[in-house]
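J.: Next comes the structure file model-v1.txt, holding compact mmCIF, C-alpha atoms.
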# COMPACT_ATOMS: atom_id res chain seq x y z
CA MET A 1 16.05 52.00 28.06
CA THR A 2 18.61 54.81 27.79
CA VAL A 3 18.15 57.53 30.40
CA LYS A 4 18.29 61.12 29.16
CA THR A 5 21.30 63.19 30.29
CA PRO A 6 22.03 66.88 29.66
CA GLY A 7 24.29 65.89 26.74
CA PHE A 8 28.06 65.87 26.50
CA GLU A 9 28.59 69.46 25.41
CA SER A 10 26.14 70.83 27.96
CA MET A 11 27.78 68.88 30.78
CA LEU A 12 31.29 69.87 29.73
CA ALA A 13 30.27 73.52 29.49
CA GLY A 14 28.84 73.33 33.00
CA LEU A 15 32.01 71.81 34.44
CA VAL A 16 34.38 74.23 32.69
CA ASN A 17 32.29 77.11 34.03
CA LEU A 18 32.89 75.96 37.64
CA PRO A 19 36.34 77.12 38.88
CA SER A 20 38.18 74.36 40.75
CA VAL A 21 41.87 75.24 40.74
CA SER A 22 44.08 73.34 43.16
CA SER A 23 47.51 74.70 43.94
CA THR A 24 50.26 74.48 46.53
CA ARG A 25 49.97 78.30 46.70
CA ALA A 26 47.18 79.12 49.14
CA GLU A 27 46.21 82.32 47.35
CA LEU A 28 45.43 80.35 44.17
CA ASP A 29 43.84 77.27 45.75
CA GLN A 30 40.08 76.78 45.36
CA GLY A 31 37.47 74.26 46.43
CA ASN A 32 35.88 71.66 44.17
CA LEU A 33 32.55 70.92 45.87
CA ASN A 34 30.66 72.87 43.22
CA VAL A 35 31.90 70.36 40.65
CA ILE A 36 31.31 67.38 42.96
CA HIS A 37 27.68 68.30 43.67
CA THR A 38 27.00 68.97 39.99
CA LEU A 39 28.30 65.52 39.07
CA ALA A 40 26.32 63.96 41.92
CA ASN A 41 23.10 65.48 40.58
CA TRP A 42 23.74 64.21 37.05
CA VAL A 43 24.59 60.63 38.02
CA GLY A 44 21.85 60.61 40.64
CA SER A 45 19.33 61.16 37.85
CA LEU A 46 20.64 57.94 36.26
CA GLY A 47 19.90 55.93 39.39
CA PHE A 48 23.36 56.02 40.96
CA THR A 49 23.58 56.20 44.73
CA THR A 50 25.98 59.03 45.61
CA GLU A 51 28.30 59.68 48.52
CA VAL A 52 30.15 62.97 48.92
CA ILE A 53 33.23 62.57 51.13
CA PRO A 54 34.67 65.84 52.54
CA LEU A 55 38.45 66.05 52.73
CA PRO A 56 39.59 66.42 56.35
CA ASP A 57 41.06 69.85 57.14
CA LYS A 58 40.34 71.07 53.58
CA PRO A 59 37.15 73.15 53.62
CA GLY A 60 35.33 73.25 50.31
CA LYS A 61 37.00 70.10 48.98
CA GLY A 62 35.73 66.56 48.63
CA ASN A 63 35.42 63.34 46.65
CA LEU A 64 32.41 61.70 45.05
CA ILE A 65 31.68 57.97 44.91
CA ALA A 66 28.64 57.07 42.80
CA ARG A 67 27.46 53.46 42.49
CA LEU A 68 25.03 51.75 40.12
CA GLY A 69 23.88 48.14 40.53
CA SER A 70 25.36 45.52 42.80
CA GLY A 71 27.49 42.41 42.76
CA ASP A 72 31.13 41.45 42.99
CA GLY A 73 33.78 42.67 40.60
CA GLY A 74 32.73 45.45 38.29
CA LEU A 75 34.38 48.58 36.99
CA VAL A 76 35.43 51.98 38.35
CA LEU A 77 35.60 55.04 36.08
CA ALA A 78 37.66 57.65 37.90
CA GLY A 79 39.05 61.11 37.45
CA HIS A 80 39.98 64.35 39.20
CA THR A 81 37.82 67.46 39.27
CA ASP A 82 40.52 70.09 39.81
CA THR A 83 42.55 72.08 37.29
CA VAL A 84 45.88 73.87 37.40
CA PRO A 85 46.06 77.66 37.80
CA PHE A 86 45.79 79.72 34.62
CA ASP A 87 46.60 83.10 33.10
CA ALA A 88 43.53 84.31 31.21
CA ASN A 89 45.66 86.79 29.24
CA LEU A 90 47.33 83.89 27.43
CA TRP A 91 44.03 82.41 26.23
CA GLN A 92 42.33 83.29 22.96
CA SER A 93 38.93 82.82 24.65
CA ASP A 94 37.56 82.88 28.20
CA PRO A 95 39.12 79.79 29.85
CA LEU A 96 36.03 79.35 32.07
CA THR A 97 33.55 79.44 29.16
CA LEU A 98 33.46 76.45 26.82
CA LYS A 99 34.25 77.34 23.22
CA ALA A 100 32.99 74.86 20.61
CA THR A 101 34.44 74.50 17.12
CA ASP A 102 33.83 71.93 14.40
CA ASP A 103 36.76 69.84 15.64
CA ALA A 104 37.13 70.44 19.37
CA TRP A 105 35.99 72.00 22.64
CA PHE A 106 38.24 74.62 24.28
CA GLY A 107 38.25 75.46 27.98
CA LEU A 108 40.19 75.09 31.22
CA GLY A 109 40.18 71.41 32.19
CA ALA A 110 38.41 70.30 28.99
CA CYS A 111 41.28 67.89 28.32
CA ASP A 112 42.76 67.47 31.81
CA MET A 113 40.35 66.16 32.78
CA LYS A 114 36.82 67.41 33.21
CA GLY A 115 35.94 66.07 29.76
CA PHE A 116 36.17 62.49 31.01
CA PHE A 117 33.19 62.85 33.34
CA PRO A 118 30.48 63.63 30.75
CA LEU A 119 32.02 60.89 28.62
CA ALA A 120 31.69 58.37 31.47
CA ILE A 121 28.18 59.59 32.32
CA GLU A 122 26.98 59.26 28.73
CA ALA A 123 28.41 55.74 28.53
CA ALA A 124 26.75 54.82 31.85
CA SER A 125 23.39 56.24 30.77
CA ALA A 126 22.84 53.21 28.51
CA PHE A 127 22.52 50.90 31.53
CA ARG A 128 19.99 50.34 34.32
CA ALA A 129 20.87 49.03 37.76
CA GLU A 130 18.78 45.87 37.28
CA ASP A 131 20.73 45.03 34.10
CA LEU A 132 24.09 44.95 35.84
CA LYS A 133 25.72 41.78 37.14
CA ALA A 134 28.46 43.79 38.90
CA LEU A 135 28.84 47.27 40.35
CA LEU A 136 29.55 50.25 38.10
CA THR A 137 31.24 53.05 40.06
CA ILE A 138 32.09 56.61 39.04
CA VAL A 139 34.66 58.36 41.25
CA ALA A 140 35.59 62.04 41.24
CA THR A 141 38.52 63.26 43.34
CA SER A 142 40.04 66.47 44.63
CA ASP A 143 43.54 67.97 44.50
CA GLU A 144 45.21 65.68 41.93
CA GLU A 145 47.04 68.72 40.55
CA SER A 146 48.61 69.55 43.91
CA SER A 147 48.79 66.98 46.71
CA MET A 148 46.72 64.00 45.49
CA ALA A 149 44.81 64.41 48.77
CA GLY A 150 41.58 63.05 47.30
CA ALA A 151 43.09 59.82 45.98
CA ARG A 152 45.14 59.37 49.16
CA LEU A 153 41.93 59.59 51.21
CA LEU A 154 40.24 56.95 49.03
CA ALA A 155 43.21 54.64 49.52
CA GLU A 156 43.09 55.16 53.30
CA ARG A 157 39.35 54.44 53.49
CA SER A 158 39.67 51.22 51.45
CA GLU A 159 36.01 51.26 50.45
CA LEU A 160 36.33 50.90 46.68
CA LYS A 161 36.20 47.38 45.29
CA ALA A 162 36.09 46.29 41.64
CA THR A 163 37.84 44.13 39.10
CA GLY A 164 39.36 47.15 37.42
CA THR A 165 39.67 50.93 37.36
CA ILE A 166 39.99 53.22 34.35
CA ILE A 167 41.47 56.60 35.24
CA GLY A 168 40.53 58.95 32.42
CA GLU A 169 43.66 61.10 32.17
CA PRO A 170 44.43 62.30 28.61
CA THR A 171 46.34 59.48 26.94
CA GLY A 172 45.02 59.84 23.40
CA LEU A 173 42.87 56.76 24.07
CA THR A 174 46.01 54.66 24.45
CA PRO A 175 46.09 52.28 27.44
CA VAL A 176 48.85 53.27 29.88
CA PHE A 177 50.15 50.54 32.19
CA ALA A 178 53.07 52.33 33.87
CA HIS A 179 54.38 55.74 34.87
CA LYS A 180 57.20 57.12 36.97
CA GLY A 181 56.89 58.26 40.55
CA ILE A 182 57.34 61.90 41.52
CA MET A 183 59.16 63.41 44.47
CA MET A 184 59.62 67.19 44.89
CA LEU A 185 61.92 68.51 47.62
CA SER A 186 63.19 71.85 48.87
CA ILE A 187 66.75 71.98 50.23
CA HIS A 188 67.50 75.04 52.38
CA LEU A 189 70.99 75.91 53.65
CA GLN A 190 71.54 78.54 56.31
CA GLY A 191 74.86 80.34 56.17
CA SER A 192 75.76 83.71 57.64
CA SER A 193 76.06 87.02 55.83
CA GLY A 194 78.82 89.61 55.98
CA HIS A 195 80.69 92.11 53.87
CA SER A 196 81.90 90.52 50.65
CA SER A 197 85.34 92.16 50.98
CA ASP A 198 86.28 89.59 53.64
CA PRO A 199 84.98 86.00 53.24
CA GLY A 200 85.91 85.33 56.85
CA LEU A 201 83.13 87.63 58.05
CA GLY A 202 80.45 85.08 57.12
CA ASN A 203 79.73 81.61 55.79
CA ASN A 204 78.62 81.53 52.17
CA ALA A 205 75.52 79.35 51.77
CA LEU A 206 75.88 79.47 47.98
CA ASP A 207 79.35 77.94 48.18
CA ALA A 208 77.84 75.11 50.23
CA MET A 209 74.93 74.75 47.81
CA TYR A 210 77.39 74.41 44.93
CA ALA A 211 78.85 71.37 46.71
CA VAL A 212 75.35 70.02 47.44
CA MET A 213 74.47 70.34 43.76
CA GLY A 214 77.59 68.38 42.86
CA GLU A 215 76.51 65.62 45.26
CA LEU A 216 73.03 65.56 43.73
CA ILE A 217 74.43 65.32 40.20
CA ALA A 218 76.63 62.42 41.31
CA LEU A 219 73.58 60.70 42.82
CA ARG A 220 71.66 61.27 39.58
CA THR A 221 74.43 59.57 37.61
CA GLU A 222 74.51 56.62 40.02
CA LEU A 223 70.73 56.14 39.84
CA ALA A 224 70.80 56.24 36.04
CA LYS A 225 73.51 53.56 35.95
CA ALA A 226 71.69 51.31 38.42
CA HIS A 227 68.14 51.58 37.05
CA ARG A 228 66.81 51.36 33.51
CA ASN A 229 63.42 50.46 32.03
CA PRO A 230 63.12 50.22 28.23
CA ALA A 231 59.33 50.64 28.44
CA PHE A 232 59.87 54.38 29.01
CA HIS A 233 60.88 57.05 26.50
CA VAL A 234 63.35 58.35 29.12
CA GLN A 235 64.56 54.97 30.30
CA VAL A 236 66.32 56.10 33.48
CA PRO A 237 65.22 57.89 36.65
CA THR A 238 65.74 61.65 36.52
CA LEU A 239 66.75 64.26 39.09
CA ASN A 240 66.10 67.83 37.98
CA LEU A 241 67.71 70.85 39.67
CA GLY A 242 64.72 73.05 39.05
CA CYS A 243 64.92 76.32 40.98
CA LEU A 244 67.65 78.10 42.97
CA ARG A 245 67.12 81.11 45.23
CA ALA A 246 70.04 82.55 47.19
CA GLY A 247 71.34 85.70 48.85
CA ASP A 248 70.14 89.26 48.42
CA ASN A 249 72.99 91.39 47.06
CA PRO A 250 76.30 90.86 45.21
CA ASN A 251 78.35 92.70 47.86
CA ARG A 252 77.07 90.55 50.74
CA ILE A 253 78.21 87.05 51.62
CA CYS A 254 75.28 84.79 50.76
CA GLY A 255 73.48 84.02 54.03
CA HIS A 256 70.90 81.53 52.76
CA ALA A 257 70.19 79.38 49.72
CA GLU A 258 67.27 77.22 48.63
CA LEU A 259 67.28 74.60 45.87
CA GLN A 260 64.08 72.98 44.64
CA ILE A 261 64.44 69.59 42.94
CA ASP A 262 62.22 67.05 41.19
CA LEU A 263 62.89 63.30 41.04
CA ARG A 264 61.11 60.88 38.67
CA LEU A 265 61.59 57.28 39.79
CA LEU A 266 60.97 54.09 37.82
CA PRO A 267 58.59 51.33 38.90
CA GLY A 268 60.35 49.02 41.33
CA MET A 269 62.46 51.77 42.91
CA ASP A 270 61.99 52.27 46.65
CA VAL A 271 60.85 55.87 47.10
CA GLU A 272 61.56 55.99 50.85
CA PHE A 273 65.05 54.51 50.43
CA ILE A 274 65.95 56.96 47.66
CA GLU A 275 64.76 59.91 49.73
CA ALA A 276 66.66 58.69 52.82
CA THR A 277 69.82 58.26 50.73
CA LEU A 278 69.49 61.75 49.27
CA ARG A 279 68.91 63.30 52.69
CA GLU A 280 71.94 61.57 54.20
CA ARG A 281 74.25 62.71 51.42
CA VAL A 282 73.01 66.29 51.29
CA GLU A 283 73.11 66.67 55.07
CA ARG A 284 76.67 65.30 55.17
CA VAL A 285 77.88 67.88 52.63
CA ALA A 286 76.03 70.69 54.40
CA ALA A 287 77.62 69.70 57.71
CA GLU A 288 81.09 69.81 56.12
CA TYR A 289 80.44 73.45 55.19
CA GLY A 290 78.89 74.33 58.55
CA THR A 291 75.56 75.32 57.01
CA PRO A 292 72.50 73.90 58.81
CA CYS A 293 70.29 72.06 56.32
CA THR A 294 66.52 71.68 56.13
CA ILE A 295 64.95 69.34 53.55
CA THR A 296 61.18 69.46 53.11
CA GLN A 297 58.68 67.77 50.81
CA PHE A 298 56.31 69.89 48.76
CA TYR A 299 53.83 67.04 49.25
CA PRO A 300 54.15 63.32 49.99
CA PRO A 301 55.76 61.48 47.05
CA ILE A 302 53.64 59.94 44.32
CA PRO A 303 54.80 56.31 44.01
CA PRO A 304 55.73 54.82 40.64
CA PHE A 305 52.91 52.91 38.98
CA ALA A 306 52.93 49.69 36.97
CA THR A 307 50.35 47.05 36.19
CA ASP A 308 50.61 43.89 34.09
CA PRO A 309 50.41 44.88 30.40
CA ASN A 310 48.79 41.49 29.80
CA GLY A 311 46.06 42.10 32.39
CA GLU A 312 42.40 41.67 31.47
CA LEU A 313 41.51 45.37 31.51
CA VAL A 314 44.67 46.45 29.69
CA GLN A 315 44.05 43.88 26.97
CA CYS A 316 40.37 44.82 26.73
CA LEU A 317 41.24 48.49 26.17
CA THR A 318 44.03 47.53 23.77
CA SER A 319 41.61 45.53 21.66
CA LEU A 320 38.85 48.14 21.70
CA SER A 321 41.15 51.08 20.95
CA ALA A 322 43.45 49.23 18.52
CA ARG A 323 46.36 50.96 20.29
CA ALA A 324 49.26 49.14 21.94
CA PRO A 325 49.67 49.80 25.69
CA CYS A 326 52.52 52.07 26.72
CA SER A 327 54.14 53.92 29.63
CA VAL A 328 54.27 57.68 30.29
CA GLY A 329 56.43 60.08 32.25
CA PHE A 330 53.70 62.05 34.01
CA GLY A 331 52.17 61.00 37.32
CA THR A 332 48.55 60.06 38.07
CA GLU A 333 46.33 58.78 40.86
CA GLY A 334 46.93 55.25 39.56
CA PRO A 335 49.11 53.95 42.41
CA PHE A 336 46.52 54.92 45.03
CA PHE A 337 43.71 53.05 43.27
CA GLN A 338 46.06 50.12 42.70
CA THR A 339 46.66 49.76 46.44
CA LEU A 340 42.96 48.83 46.73
CA GLY A 341 43.59 45.62 44.79
CA MET A 342 42.09 46.66 41.45
CA GLU A 343 43.73 46.32 38.05
CA THR A 344 44.26 49.97 37.18
CA VAL A 345 44.77 51.46 33.72
CA ILE A 346 45.23 55.09 32.68
CA PHE A 347 43.06 55.72 29.61
CA GLY A 348 41.20 58.76 28.38
CA PRO A 349 40.60 61.16 25.50
CA GLY A 350 42.84 64.11 24.69
CA SER A 351 46.58 64.65 24.60
CA ILE A 352 48.82 65.35 27.57
CA ASP A 353 50.47 67.92 25.27
CA GLN A 354 47.31 70.03 25.72
CA ALA A 355 47.26 69.70 29.50
CA HIS A 356 48.35 72.70 31.60
CA GLN A 357 48.47 74.89 28.48
CA PRO A 358 46.58 78.00 27.35
CA ASN A 359 43.83 77.20 24.84
CA GLU A 360 43.50 73.65 26.17
CA PHE A 361 41.16 71.60 24.01
CA LEU A 362 39.52 68.20 23.63
CA SER A 363 39.01 66.61 20.22
CA ARG A 364 35.45 65.75 19.17
CA LYS A 365 36.69 62.65 17.36
CA GLN A 366 38.30 61.25 20.49
CA VAL A 367 35.16 61.88 22.55
CA ALA A 368 33.00 59.88 20.14
CA GLU A 369 35.51 57.03 20.06
CA GLY A 370 36.04 57.15 23.84
CA LYS A 371 32.32 56.91 24.57
CA GLU A 372 32.03 53.76 22.45
CA ILE A 373 35.03 52.17 24.18
CA LEU A 374 33.78 52.94 27.69
CA THR A 375 30.34 51.58 26.83
CA ARG A 376 31.91 48.33 25.63
CA CYS A 377 34.02 48.11 28.80
CA ILE A 378 30.93 48.51 30.98
CA GLU A 379 29.25 45.73 28.99
CA ARG A 380 32.31 43.53 29.47
CA PHE A 381 32.75 44.00 33.22
CA CYS A 382 29.28 44.91 34.52
CA PHE A 383 26.44 43.97 32.14
CA ARG A 384 24.36 40.79 32.38
CA GLY A 385 23.86 40.38 28.64
Output the file's structure as structure tokens, nothing else.
T.:
Amino acid sequence: MTVKTPGFESMLAGLVNLPSVSSTRAELDQGNLNVIHTLANWVGSLGFTTEVIPLPDKPGKGNLIARLGSGDGGLVLAGHTDTVPFDANLWQSDPLTLKATDDAWFGLGACDMKGFFPLAIEAASAFRAEDLKALLTIVATSDEESSMAGARLLAERSELKATGTIIGEPTGLTPVFAHKGIMMLSIHLQGSSGHSSDPGLGNNALDAMYAVMGELIALRTELAKAHRNPAFHVQVPTLNLGCLRAGDNPNRICGHAELQIDLRLLPGMDVEFIEATLRERVERVAAEYGTPCTITQFYPPIPPFATDPNGELVQCLTSLSARAPCSVGFGTEGPFFQTLGMETVIFGPGSIDQAHQPNEFLSRKQVAEGKEILTRCIERFCFRG
């Protein structure tokens, strides 16, 4: 017997209407417990047992683990409940009110990735606990768009167990078996200011940063020569010089400079070794210029992710979707779930091209197809029939 749920559109409208921005900027950061408790109520009505796990030192934030049935193995359907910040002036409709058209649903997080939860719930509603040979688990996390704190906490607790995990990020219903790791760093050099008419009156931090940038570009070239993976569109690791802030006036010797950088590392690269190498080289150059150097992480690095493209879950999704597995450049919670010993695949409706954009939308066609695929996966990994 299929249990009645509020319906996909109603659930998606409810989730979009609940603000849950996560951001590294404290003034923009919001909690997600309103979304977590809403999801817990919906899956609880289907017979799931629910556990809300508060995030330590993050008031108003938490994860949800919801379980149906029992037994070894099984399947996890996972996603994050937070969205990126937004500028309502750039939207053609209210970003926090779902707009439905004949082809799509528009709203903040509709694609990335609140839309996955009603899809997973509707697929799960076709099953009763007594019909399952293995556990079906739905997981909702916090802070994927900022620090990955929710997924990191799950990995630390080591309580999730299953044969496989599907993380419903927008992949156009294409199975994703690999993505690059992400490391974001701030490099700050402290010089000393003085009147620009006499360079000897100070120590120009921007001159030193110019040399640091040269060292970073050399490191980027070395990494690209040493590492290549043809599974990726951009086959080499990247190092982006993203943002430079320095000085305060053209007639003053620059007293301080900050460079913000982004590294994308291929699977198999040692994140800690690369960071240690970068720090050693930058600090050496800074010391040569007599400018004290501080290097800080925006958040702990997201490791590269890769699973066997011939794995059981990857091949199941490949067959059901009729789409060949691929790799992507964006990061996900995949590596944290993978540390728990589960085959992990990134697979969900919508396009990453819509993510983090005004007028974000989710295609109706992909929702219908995605529901059928998830239902078949639950049958494959959890159902007794």
J.: I'd like the neighbourhood of A:His356 as a compact mmCIF listing (two decimals) with C-alpha atoms, in the coordinates of the input, where a residue qualifies if any of its atoms comes within 8 Å (using only C-alpha atoms), though same-chain residues fewer than 3 positions away should be ignored.
T.:
# COMPACT_ATOMS: atom_id res chain seq x y z
CA VAL A 84 45.88 73.87 37.40
CA ASP A 112 42.76 67.47 31.81
CA GLU A 360 43.50 73.65 26.17
J.: Find, counting all atoms listed in the file, the residue in A:Glu169, A:Glu130, A:Glu372, A:Glu51 that gets nearest to A:Ile36.
T.: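 Looking at the shortest contact to A:Ile36, the residue is A:Glu51.
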J.: Using all atoms listed in the file, which of A:Leu136, A:Ala322, A:Arg281, A:Leu75 sits nearest A:Thr165?
T.: A:Leu75
J.: For a cutoff of 12 Å around the file-coordinate point (69.1, 58.6, 40.0), which residues qualify once you count all atoms listed in the file? I'd like the result as number ranges by chain.
T.: A: 183, 215-228, 235-240, 262-266, 269-271, 273-275, 277-278
J.: Work out how far apart atom CA of A:His179 and atom CA of A:Arg157 are and give it in Å to one decimal.
T.: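 A separation of 24.0 Å between them.
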J.: One decimal, Å: what's the distance from atom CA of A:Gln92 over to atom CA of A:Ala104, could you say?
T.: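 Between atom CA of A:Gln92 and atom CA of A:Ala104 the gap is 14.3 Å.
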J.: With distances taken over all atoms listed in the file, which residue among A:Asn34, A:Thr163, A:Ser125, A:Asn63 lies nearest A:Gly341?
T.: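 That would be A:Thr163, the residue with the smallest distance to A:Gly341.
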J.: Would you compute the box with edges along x, y and z of the file around stretch 269-280 of chain A, including every atom the file lists for it and 6 Å extra on each side, and give its centre and edge lengths in Å to one decimal, as AutoDock Vina command-line options?
T.:
--center_x 66.4 --center_y 57.5 --center_z 48.6 --size_x 23.1 --size_y 23.5 --size_z 23.3
J.: For A:Leu244, work out the shell of residues within 7 Å, counting only C-alpha atoms and skipping chain neighbours fewer than 3 positions away, then give it as a VMD selection string.
T.: chain A and resid 258 to 260
J.: Just want the 6 Å neighbourhood of stretch 323-337 of chain A, counted on all atoms listed in the file, with same-chain residues fewer than 3 positions away dropped. Output as a VMD selection string.
T.: chain A and resid 155 174 to 180 232 305 318 340
J.: Could you please take those selected residues and save C-alpha atoms as an mmCIF file, keeping the file's coordinate frame?
T.:
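again.cif, written as the output of this step:
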data_model
loop_
_atom_site.group_PDB
_atom_site.id
_atom_site.type_symbol
_atom_site.label_atom_id
_atom_site.label_comp_id
_atom_site.auth_asym_id
_atom_site.auth_seq_id
_atom_site.Cartn_x
_atom_site.Cartn_y
_atom_site.Cartn_z
ATOM 1 C CA ALA A 155 43.210 54.640 49.520
ATOM 2 C CA THR A 174 46.010 54.660 24.450
ATOM 3 C CA PRO A 175 46.090 52.280 27.440
ATOM 4 C CA VAL A 176 48.850 53.270 29.880
ATOM 5 C CA PHE A 177 50.150 50.540 32.190
ATOM 6 C CA ALA A 178 53.070 52.330 33.870
ATOM 7 C CA HIS A 179 54.380 55.740 34.870
ATOM 8 C CA LYS A 180 57.200 57.120 36.970
ATOM 9 C CA PHE A 232 59.870 54.380 29.010
ATOM 10 C CA PHE A 305 52.910 52.910 38.980
ATOM 11 C CA THR A 318 44.030 47.530 23.770
ATOM 12 C CA LEU A 340 42.960 48.830 46.730
#
J.: Write out as a list in words each polymer residue whose atoms come within 7 Å of stretch 5-11 of chain A, counting only C-alpha atoms; drop sequence neighbours fewer than 4 positions from it.
T.: Leu15, Pro118 and Leu119 of chain A
J.: Restricting the calculation to only C-alpha atoms, which member of A:Leu135, A:Ala126, A:Ala100, A:Ile253 is positioned closest to A:Ser70?
T.: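 So, comparing all the options, the nearest one is A:Leu135.
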J.: Can you work out which one of A:Lys99, A:Glu122, A:Gly31, A:Ala306 has the shortest atom-to-atom distance to A:Leu55, counting all atoms listed in the file?
T.: A:Gly31
J.: Around (40.1, 62.6, 46.1) in the file's own coordinates, what residues are found within 8 Å if you use all atoms listed in the file, given back as a CSV table (one decimal) with C-alpha atoms, in the frame of the given file?
T.:
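In the end it all went to out.csv:
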chain,number,residue,atom,x,y,z
A,55,LEU,CA,38.4,66.0,52.7
A,62,GLY,CA,35.7,66.6,48.6
A,63,ASN,CA,35.4,63.3,46.6
A,64,LEU,CA,32.4,61.7,45.0
A,80,HIS,CA,40.0,64.4,39.2
A,140,ALA,CA,35.6,62.0,41.2
A,141,THR,CA,38.5,63.3,43.3
A,142,SER,CA,40.0,66.5,44.6
A,143,ASP,CA,43.5,68.0,44.5
A,144,GLU,CA,45.2,65.7,41.9
A,148,MET,CA,46.7,64.0,45.5
A,149,ALA,CA,44.8,64.4,48.8
A,150,GLY,CA,41.6,63.0,47.3
A,151,ALA,CA,43.1,59.8,46.0
A,152,ARG,CA,45.1,59.4,49.2
A,153,LEU,CA,41.9,59.6,51.2
A,154,LEU,CA,40.2,57.0,49.0
J.: Given only C-alpha atoms as the basis, pick out the residue of A:Asp198, A:Glu145, A:Asp131, A:Asp102 nearest to A:Thr81.
T.: A:Glu145
J.: Just the residues within 6 Å of A:Lys133, please, counting only C-alpha atoms, with nothing from its chain fewer than 4 positions along; format it as a list in words.
T.: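 Contacts, in chain order: Gly71, Cys382, Phe383 and Arg384 of chain A.
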J.: Find the distance between atom CA of A:Leu12 and atom CA of A:Pro95 and write it in Å to one decimal.
T.: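 Computed distance, atom CA of A:Leu12 to atom CA of A:Pro95, equals 12.6 Å.
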